[in-house]
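Student: Dumping the structure here so I can ask a few things about it.
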Amino acid sequence: MIRISGPQSRFVVETIAGSKVKDRIAAYRQFRAPDGSVLDSGLIVFFAGPNSFTGEDIAEFHVHGGRAVVAKMLEEIAGFDGVRHAEPGEFTRRAFLNGKVDLVETEALADLVNAETEAQRRFAVQNAEGVQSELYLAWRRRLIHARAMIEAEIDFADEDDVPGSVSETVWLDVRAMIGEIERHVQGFRAAEIIRDGFEVVILGAPNAGKSSLFNALARREAAIVTEEPGTTRDLLEVVLDLEGMRVRVTDTAGMRETPGRIEAIGIEKARSKAGTADLLLVLEDLAEPVPICAIPGDVPMLRVGTKVDLLKDESATLARRYDAVISTRDGTGLAELLAEIGRRAAAQIGQAGDILPSRLRHVELLNETNRFLVAAVAGDERAQELRSEELRLAADRLGRIVGAIDVEDMLDVIFAQFCIGK
């Protein structure tokens, strides 16, 4: 599909299609160059602005996908006066500038384009439909209303239609909003996991079976496996899709007390990576278990016994000492281990319908919002004018998230609710 947007769209369509087309109705046409030569045949759909994605006139050519066809169509379309190739993201940029989407919805569209898992797709679709934006705009409307009430009480206290002593109710609502924003910000880690992946790090002594497990999860020979200890000296990573969730698994160097100089660098990398993980898989060879030290105590962990195929008679007894027992040779326990990793990832993400901040930019502005709100409610002895200014600054930060900042909003609230100046 080749899409064009802008004031020249209708002229280009009617020239190439050879006749007028009805708005929003797909029509089968032969596509011709201005010299009359046939380019291709296919469907043409025209959307008149402002009822289109960008808010401008838009046309879509549905052509055969061969490289030569597409190249020739693009060449002929770009040959019209006033027509050029779009810059990266320009269609979405025009949609934002024309008020068809806000900043959060724009970011969500980028996430949707880049989505690789079902969880990422659901998250992006939810935000692209405006759920996240509506939450921020609802908070902003409450702050605008609160500020309007405070300033109305200050400036128009002698008017009959201005309710008296609204301050107490206003500040109670602001305090409630502080808690709502704090709880929302806490969900950012879940959003990071959805977008970037649930981080799983494999740890263990040399020859504990780390690289064998890593290869089994990757379903390919991603790491070298030998009987010689210390084969893995750097971090190796593979990305899995578990039940629609992105999971990143990292293989690390075997951890032991007397490594070589290069191996010691790998062990230090392993410890550093483990400290930032969402889940650790600590592996021990069931035949020759060698415990490792310096495991981060604040990171969730699964103790995994490996090479259970060598100890079939003792497997039931050993299973009670580990969270999981596996064999990469015959596949024992691998499905159960993957299911447990998926369960832990799902628990971190939370409920599918949760509204989460999807960008660090959102979190930073939400934290700024809360700082102004905390300052406003904490200043009981300060003049109402100063506290009202804190509310203005907070509402401004919320407006910056979605790209909606309008200084007239507060005046609209005041004069819509009161009859001042009638």
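So you can find residues: chains in the structure tokens are A, B, ... in the order shown, residues in each start at 1, and ligands are numbered from 1 in order.
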As a PDB file with C-alpha atoms, in the first residue's frame, please: the residues near range 171-182 of chain A (cut-off 8 Å, only C-alpha atoms, same-chain neighbours under 3 positions excluded).

Tutor:
```pdb
ATOM      1  CA  TRP A 139      -6.135  14.409  36.581  1.00  0.00           C
ATOM      2  CA  LEU A 143      -6.466  20.288  39.034  1.00  0.00           C
ATOM      3  CA  ALA A 146      -9.417  22.820  41.983  1.00  0.00           C
ATOM      4  CA  SER A 167     -10.762  24.985  50.181  1.00  0.00           C
ATOM      5  CA  GLU A 168     -11.177  21.988  52.457  1.00  0.00           C
ATOM      6  CA  VAL A 185       4.198   5.660  38.789  1.00  0.00           C
ATOM      7  CA  GLN A 186       4.984   2.433  40.634  1.00  0.00           C
ATOM      8  CA  LEU A 366       4.388  12.768  36.932  1.00  0.00           C
ATOM      9  CA  ASN A 370       3.473  15.268  42.619  1.00  0.00           C
ATOM     10  CA  LEU A 373       1.022  18.936  44.708  1.00  0.00           C
ATOM     11  CA  VAL A 374       2.857  17.943  47.882  1.00  0.00           C
ATOM     12  CA  VAL A 377      -1.062  20.650  50.376  1.00  0.00           C
TER      13      VAL A 377
END
```

Student: Tell me, as a PyMOL selection string, which residues lie within 10 Å of range 94-102 of chain A, counting only C-alpha atoms; anything in the same chain fewer than 6 positions away does not count.

Tutor: chain A and resi 5-6+50-56+108-109+128-130+133+401-404

Student: Can you list, as an NGL selection string, all residues belonging to range 52-230 of chain A that DSSP tags as strand (DSSP E or B)?

Tutor: :A and (58-62 or 198-204)

Student: Generate a file of the selected residues that holds N, CA and C atoms, formatted as a short mmCIF file (atom, residue, chain, number, x, y, z; two decimals), in the first residue's frame.

Tutor:
```cif
data_model
loop_
_atom_site.label_atom_id
_atom_site.label_comp_id
_atom_site.auth_asym_id
_atom_site.auth_seq_id
_atom_site.Cartn_x
_atom_site.Cartn_y
_atom_site.Cartn_z
N ILE A 58 -6.12 12.26 2.17
CA ILE A 58 -5.23 11.10 2.10
C ILE A 58 -5.71 10.18 0.99
N ALA A 59 -4.77 9.60 0.26
CA ALA A 59 -5.09 8.59 -0.74
C ALA A 59 -4.22 7.37 -0.52
N GLU A 60 -4.80 6.21 -0.77
CA GLU A 60 -4.06 4.95 -0.63
C GLU A 60 -4.15 4.16 -1.93
N PHE A 61 -3.00 3.81 -2.48
CA PHE A 61 -2.92 2.95 -3.65
C PHE A 61 -2.57 1.54 -3.18
N HIS A 62 -3.42 0.57 -3.48
CA HIS A 62 -3.14 -0.83 -3.15
C HIS A 62 -2.63 -1.50 -4.43
N PHE A 198 11.41 -9.26 30.40
CA PHE A 198 11.65 -9.78 31.75
C PHE A 198 13.05 -10.36 31.77
N GLU A 199 13.89 -9.85 32.65
CA GLU A 199 15.33 -10.16 32.64
C GLU A 199 15.62 -11.40 33.48
N VAL A 200 16.07 -12.47 32.83
CA VAL A 200 16.45 -13.71 33.53
C VAL A 200 17.94 -13.92 33.34
N VAL A 201 18.66 -14.13 34.45
CA VAL A 201 20.12 -14.34 34.40
C VAL A 201 20.44 -15.72 34.96
N ILE A 202 21.24 -16.49 34.21
CA ILE A 202 21.65 -17.83 34.62
C ILE A 202 22.99 -17.74 35.34
N LEU A 203 23.05 -18.23 36.56
CA LEU A 203 24.29 -18.25 37.35
C LEU A 203 24.63 -19.68 37.73
N GLY A 204 25.89 -19.89 38.08
CA GLY A 204 26.31 -21.22 38.55
C GLY A 204 27.81 -21.38 38.47
#
```

Student: Do you know which residues are at most 10 Å from range 326-335 of chain A counting only C-alpha atoms, after dropping those on the same chain fewer than 3 positions away, and could you put them as a ChimeraX atom specification?

Tutor: /A:209-217,283,286,304-310,315,319,338-341

Student: One number please: CA of Arg321 in chain A to CA of Pro291 in chain A, in Å, one decimal.

Tutor: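 Taking CA of Arg321 in chain A as the start and CA of Pro291 in chain A as the end point, the length is 13.0 Å.
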
Student: Could you pull out the residues in range 302-401 of chain A that DSSP calls helix (DSSP H, G or I) from the backbone, as a PyMOL selection string?

Tutor: chain A and resi 308-319+334-349+360-378+384-401

Student: For a quick check of understanding, using only C-alpha atoms, which of A:Val45, A:Leu356, A:Ile16, A:Ile25 has the smallest distance to Ile193 in chain A?

Tutor: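 Closest to Ile193 in chain A, using only C-alpha atoms: A:Leu356.
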
Student: Using only C-alpha atoms, which residue out of A:Arg271, A:Arg121, A:Arg359, A:Arg344 lies closest to Ile292 in chain A?

Tutor: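 The shortest atom-to-atom distance to Ile292 in chain A comes from A:Arg271.
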
Student: From the options A:Tyr322, A:His64, A:Leu280, A:Arg246, which residue's atoms come nearest to Ala346 in chain A, counting only C-alpha atoms?

Tutor: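 The closest residue to Ala346 in chain A is A:Arg246.
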
Student: Tell me, in Å to one decimal, how far CA of Val38 in chain A is from CA of Val83 in chain A.

Tutor: 20.4 Å

Student: Would you mind reading off the distance between CA of Val113 in chain A and CA of Pro88 in chain A, one decimal, in Å?

Tutor: 12.7 Å

Student: Just checking: using only C-alpha atoms, which residue out of A:Ala27, A:Ala110, A:Ala375, A:Ala383 ends up closest to Gly89 in chain A?

Tutor: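 Of A:Ala27, A:Ala110, A:Ala375, A:Ala383, the one nearest Gly89 in chain A, counting only C-alpha atoms, is A:Ala110.
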
Student: So which residues touch Asp111 in chain A within 12 Å, counting only C-alpha atoms, skipping near sequence neighbours fewer than 4 positions away, as a ChimeraX atom specification?

Tutor: /A:104-107,115-117,119-128,191,194-196,358-359
